[in-house]
Each structure stands twice: as structure tokens, then as C-alpha cells.
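J.: Here's a structure for you.
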Amino acid sequence: MKYEIKIPQAFPNHDELAEAVNHLVSFLHIDAVYVSPLAHKTLVSVIMSDNNAQDDDALHDSKLADDHPNIVFKYFSGHWVEHAYKKGFPYFIMHCNAENLVYCLPEAKVFYPVKLKTKYYTYRLRKRSGEIIWTIDAYLRLCDDYMRTERHIEGAHALHQGLRRIYMLVSELHGEGLKGSQDLFDQYNWITDFAPSLNDIIDPKTAEGKNLLEFLNASRDAILYNKEFEANANTLKTASEKVRQFFEEARRLYGKLYTDYKAKLKTLHQPGTVGLGILEQKLPENYFAGQVLHQINDIIKDYIKTRAVFCFGYKLFNTEIKKTKSNYFNPGYHFYLLVYTLKPKDNPAAMIEAKVRDALGKKHKVTVLLHRKQSMSKKRDNDRWFFNKLTVNGLQVGSNLNITDQPFERDLKYSVNYWRNRALLAESHFKTAKSLTNPDDALLKNTLLHQAIVNSCLGFIELFLGYRPNRVNIGHLFALLQFITGKDLSLYFRQEDDNSLYLLLSANPDMIRYKVINQYAIEDSNELELRCKECFWEIKQLAFAKLDELYKSHLIL
């Protein structure tokens with residue numbers, strides 16, 4: 001399978017980016033390409049394959065950069081990126097992650113922190129940056145001392161060293177690592193694309209900025225190489241004021257990046273997108289998820305005629321990140337799909353889930369909401385409101401529909417009353433089940449417990465989504481609850497490799513009609529009752545929190 005280049009449409013220079021990345025991929029051996037927006041340009045980070053023969057410095061000076069002045073190109077070897085990820089370098093954490101990936105070779109390494117080491121990474125960043133900041137302060141104080149004693153050449157050199165380390169600080173934060181050149185113009189070139197606000201203070205492209213850097217470079221030559229240099233006191237004073245302003249702005253940039261860096265480290269281990277956000281905003285695209293979704297769409301089309309397929313959520317599933325020592329990302333996903341079908345089949349949603357599981361193994365999983373497009377006009381307004389949100393905000397995987405945001409209104413009072421009625425019905429089932437203590441009543445007790453959980457799930461889903469599932473098996477309902485809450489409530493009924501309680505809960509009368517299930521023990525049913533009540537209690541607490549939110553926002557009275 002060959003992965004495509006996928007540039008997000010949100011980028012203003014989308015066509016130019018696509019052209020540039022296509023050009024790169026066509027003549028270089030590339031493992032991966034990442035694209036991320038800067039303040040005024042677009043950053044393209046290219047990870048070169050191990051067998052690449054091109055020199056990195058030659059690539060940085062290539063004509064491609066001249067042809068695309070609004071794009072910053074950075075080239076790295078895979079070995080260096082893996083090292084940088086292990087050390088938590090801000091550049092790679094912020095710009096070279098799965099969220100920014102637009103191209104990779106199949107099975108290529110996509111780097112990713114194996115363990116969540118937020119405290120360790122932030123400590124290292126504070127330590128490295130703190131040492132540089134302390135050195136800058138020392139040089140600025142030394143400059144003041146030299147100026148008081150009218151040792152202007154030494155003062156200018158101290159100021160040169162201070163400004164050089166300010167550039168190094170910004171390079172450490174926003175660039176790909178420390179740069180040790182003594183020339184201030186070189187230092188400027190390494191950070192100009194990442195910190196444009198510094199140009200408002202010292203811009204070498206203006207006469208004032210150029211003269212200042214030349215003045216400080218000359219002081220270095222005078223100290224190190226005994227070259228002639230006349231340090232004017234007024235020029236030194238002006239330079240000192242500029243460098244201190246420059247330092248203050250660099251400190252501000254450091255504070256902002258440190259905050260963003262901590263936030264990014266936390267979200268790196270939550271690269272899936274799932275939950276109620278789909279009701280309010282567009283589901284963001286994901287490179288890996290998009291590739292797999294196209295495969296799944298082909299599987300669905302081979303099985304059943306569809307009018308449209310939409311993905312309305314995904315999250316990491318069965319990933320091997322914790323089982324490997326290598327810093328690369330090989331994700332597995334749990335997808336939530338809305339499928340509009342043309343012709344009905346027996347239990348088609350379950351068959352689609354099974355066919356995806358058979359085709360893709362245990363690495364990926366799908367939960368399918370399947371409905372006939374022809375019957376949409378007969379649905380309740382709440383259902384139509386929900387379907388409209390999914391089709392407008394979801395990822396359109398395969399469709400020949402024209403998607404429009406239609407003004408369906410949701411009846412929240414109905415959803416609240418539906419939840420309350422289902423919760424009361426569930427409590428009634430629990431009371432009846434508790435009175436059954438005879439061993440001969442185990443099957444009936446299990447059925448009542450099953451119905452109690454089904455009703456509580458149905459009410460919960462209606463309360464949060466306004467949706468009435470047309471599949472009421474336990475696994476499907478728990479999957480939708482996990483979509484809403486992010487919690488796997490089926491764990492109440494699973495203990496390590498023991499799924500016996502979950503099987504008891506799932507053994508509803510419809511299943512019993514076709515299967516011979518005659519080994520029930522009242523002891524197991526009593527244990528199942530306890531677990532069901534714990535599960536129901538958590539569902540109630542989550543529902544009460546939602547009701548409080550609705551009351552406080554005056555959406556319901």
C-alpha cells in the first residue's frame with residue numbers, strides 16, 4: 001500500500017505546499033514529512049531515509065527554498081530525530097508528531113515518546129534553558145561593570161557573548177538544537193523563521209540592526225584576534241539597551257513555548273479524537289486514521305451498497321507503544337462510523353464490524369451506526385439533529401451526498417424525560433432481581449439485570465446524543481457509552497482474562513432462543529447483580545452531572 005500526501009485544507013498555501021512536498025518526495029529518499037504553521041510562514045520538516053545520499057547542508061541551501069519563500073524547509077536524519085525525541089527537544093515534540101504528519105512511507109518510523117515523561121522532559125528544558133539564561137544575565141552584568149570602568153572593548157565583547165547566547169536560547173526552544181557559531185549573523189539566520197517578533201528589536205536587514213551586529217562582531221575579533229576596534233561609549237550604551245529589550249522578548253517567548261510544550265506533551269498520548277466535541281466542531285483529520293478509513297470504506301462497499309460513510313470519532317486502540325522500546329508510532333484505532341445504506345441486510349452493522357476485524361486483524365476496530373437513507377425523513381427530530389451533526393462535522397470517507405447543515409432542533413426536555421423513565425425502569429428491574437434468590441430463578445435474574453443495563457444505556461445515550469440506537473446488544477451500547485464518556489464500562493464485568501460475568505450479562509432471551517445455555521448459578525447471578533449496580537451507579541452519576549450542566553445553562557427548566 002502506498003500512502004498519499006495529505007496536506008490539510010486549512011493551510012492558506014495548500015496548493016503551494018502540496019507542490020513542494022510532491023517535489024521533495026519525487027527526488028529524495030524520505031521516510032516522513034511534517035507540516036506545521038509558524039507565525040508568518042509554514043514549516044516543513046523532512047525526515048530523510050537511512051539510505052539517502054544527499055548532504056543535509058546542501059539540502060538546506062537548495063533552490064527549493066528560494067522558489068518557496070513562504071515555506072521553511074528543515075531536513076533531519078531519522079537517527080537524529082529519534083535521539084531528539086528521547087531527549088525531549090521542543091522542536092520535534094511540537095512540530096514532528098502524528099498530528100502534523102502529511103506523508104510517510106508504509107511501515108516507516110514515525111517518532112513518538114514511548115513513555116509519558118512530562119516531568120522529565122520539562123525538567124530538562126528548564127535545566128538547559130535555565131543555564132543559558134543564567135549565563136546571559138552574567139554577561140549583561142559584566143557588561144555593566146566594564147561600562148562603569150570605561151573598558152568599552154571588553155564591555156562590547158561581553159554584550160556580544162550575551163546576545164549570542166540569547167540567540168542560542170531561542171534556537172534551543174524553537175529550532176532543532178543549539179547552534180554554537182560565534183558570528184551573530186549566523187545565529188540570526190537560524191532563528192529568524194521561528195521568532196519574528198525579535199526582528200522588531202534587532203533586524204539585521206535594516207541599517208541599524210546590521211550596524212549593531214557588526215559592532216558586536218568586531219568586538220569579538222578585537223578580543224580574540226587583536227584586531228583594531230574603537231568602541232564608542234554611546235554606541236555601546238545603545239547596543240546594551242537593545243540587547244536587554246531583546247532578552248526580555250526572548251524570555252517572553254520562552255514562557256509561552258514552555259506552556260505550549262507542556263500541553264503538547266500531554267496531548268501526544270491522547271492522539272485519538274472521540275466524544276461529544278463532534279456535536280460542536282469539525283472532527284480534525286489524522287494522517288494514519290485517514291489511510292485506514294479508506295481501507296475500511298472499501299471493505300464496507302464490497303459487502304453492502306452504501307450511500308455515504310462518515311467517521312465521527314476515533315481513538316487509540318490496541319496500540320503496541322507500551323510493548324516496544326523504540327520511539328516510533330504504529331497506531332491502531334477504534335473508529336466510530338455512520339453508514340447510510342440503500343438496501344437492508346440481516347444484522348448488517350455487526351457483519352461490517354466482523355468483516356473489518358477479519359480483514360485488519362485485531363489492530364483496528366469499528367463501531368457502526370447503520371441506517372437506511374430513505375427512512376431519514378421518518379425519524380424523530382432528535383435523531384435527525386444527531387445525524388445532521390455527524391454528517392456535517394464528521395470525516396466524509398465515502399459519499400455521494402451533498403452535505404448541508406440543516407436547522408433541525410433538538411427536544412432536550414424529551415431526552416431528559418426519556419433518561420428519567422429508563423432509569424426508573426432499570427431500578428425496577430434491579431428491585432425485582434434482588435428478590436430472586438431461588439437457584440431456579442438464575443436465568444430470569446440474569447435477564448432482568450440485562451434489561452436494567454440496556455435501559456440505563458439507552459436513556460444515557462438519548463440524554464447526551466439525542467440518538468435512539470437501533471441495536472441494543474450490550475457490546476454496541478457500551479461502545480457508544482465509551483464514545484461519550486471515554487470510559488470502558490464493560491470493565492465492570494471483566495477480570496483479567498475472565499469474561500464470564502460479561503457473557504452472563506450478554507446472554508439475553510433473544511440469544512437463548514437460538515443457543516442452549518443451561519448452566520446458570522445463582523451465585524454468579526448475585527455477583528453479576530453487584531457489578532451491574534456499580535455500573536448503573538456510575539452511569540447515574542455521569543447523567544446527573546449532565547443534568548446539572550443543562551439546568552445551570554438554562555437549556556432546560
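Here's how to read the names in the C-alpha cells: chain A, B, ... by the order shown, residue numbers from 1 in each chain, ligand numbers from 1 in the order shown.
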For segment 459-464 of chain A, work out the shell of residues within 9 Å, counting only C-alpha atoms and skipping chain neighbours fewer than 2 positions away, then give it as a ChimeraX atom specification.

T.: /A:276,382,412,414-423,454-457,466-469,477,480-481,484,539-540,542-543,546-547

J.: Using DSSP assignments from the backbone, pull out every residue in segment 217-416 of chain A that falls under strand (DSSP E) and give it to me as a count of residues only.

T.: 33

J.: Find the residue from A:Pro331, A:Pro348, A:Pro196, A:Gly394 that sits nearest to Leu283 of chain A; use only C-alpha atoms when measuring.

T.: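 Checking each candidate against Leu283 of chain A, we get A:Gly394 as the closest.
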
J.: List every residue of segment 86-230 of chain A that DSSP, applied to the backbone of this structure, places in alpha helix (DSSP H), and write the result as a count of residues only.

T.: 89

J.: Pick out the closest residue to Ala138 of chain A from this set: A:Ser45, A:Gln161, A:Thr259, A:Gln396. Count only C-alpha atoms.

T.: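 Among A:Ser45, A:Gln161, A:Thr259, A:Gln396, it is A:Gln161 that comes nearest to Ala138 of chain A.
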
J.: In Å to one decimal, how far is atom CA of Glu285 of chain A from atom CA of Leu265 of chain A?

T.: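 About the pair atom CA of Leu265 of chain A and atom CA of Glu285 of chain A: they are 19.5 Å apart.
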
J.: Counting only C-alpha atoms, figure out which residue out of A:Lys343, A:Lys264, A:Arg165, A:Lys119 gets nearest to Ile93 of chain A.

T.: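 Distance minimum relative to Ile93 of chain A lands on A:Lys264.
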
J.: Report, in Å to a single decimal, how far apart atom CA of Leu342 of chain A and atom CA of Thr306 of chain A are.

T.: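 About the pair atom CA of Thr306 of chain A and atom CA of Leu342 of chain A: they are 5.7 Å apart.
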
J.: Provide the atom CA of Asp548 of chain A to atom CA of Asp411 of chain A distance in Å, to one decimal place.

T.: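 That distance, rounded to one decimal, is 17.1 Å.
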
J.: If we count only C-alpha atoms and set the cut-off at 9 Å, which residues sit around segment 364-371 of chain A, ignoring sequence neighbours fewer than 4 positions away in its own chain? Please answer as number ranges by chain.

T.: A: 292, 296, 314, 316-318, 331-342, 344, 348-350, 352-354, 356-357, 360, 375-376, 469-471, 476, 479-480

J.: Using only C-alpha atoms, which protein or nucleic acid residues come within 8 Å of His429 of chain A? Drop anything in the same chain fewer than 2 positions from it, and give the result as a count of residues only.

T.: 10
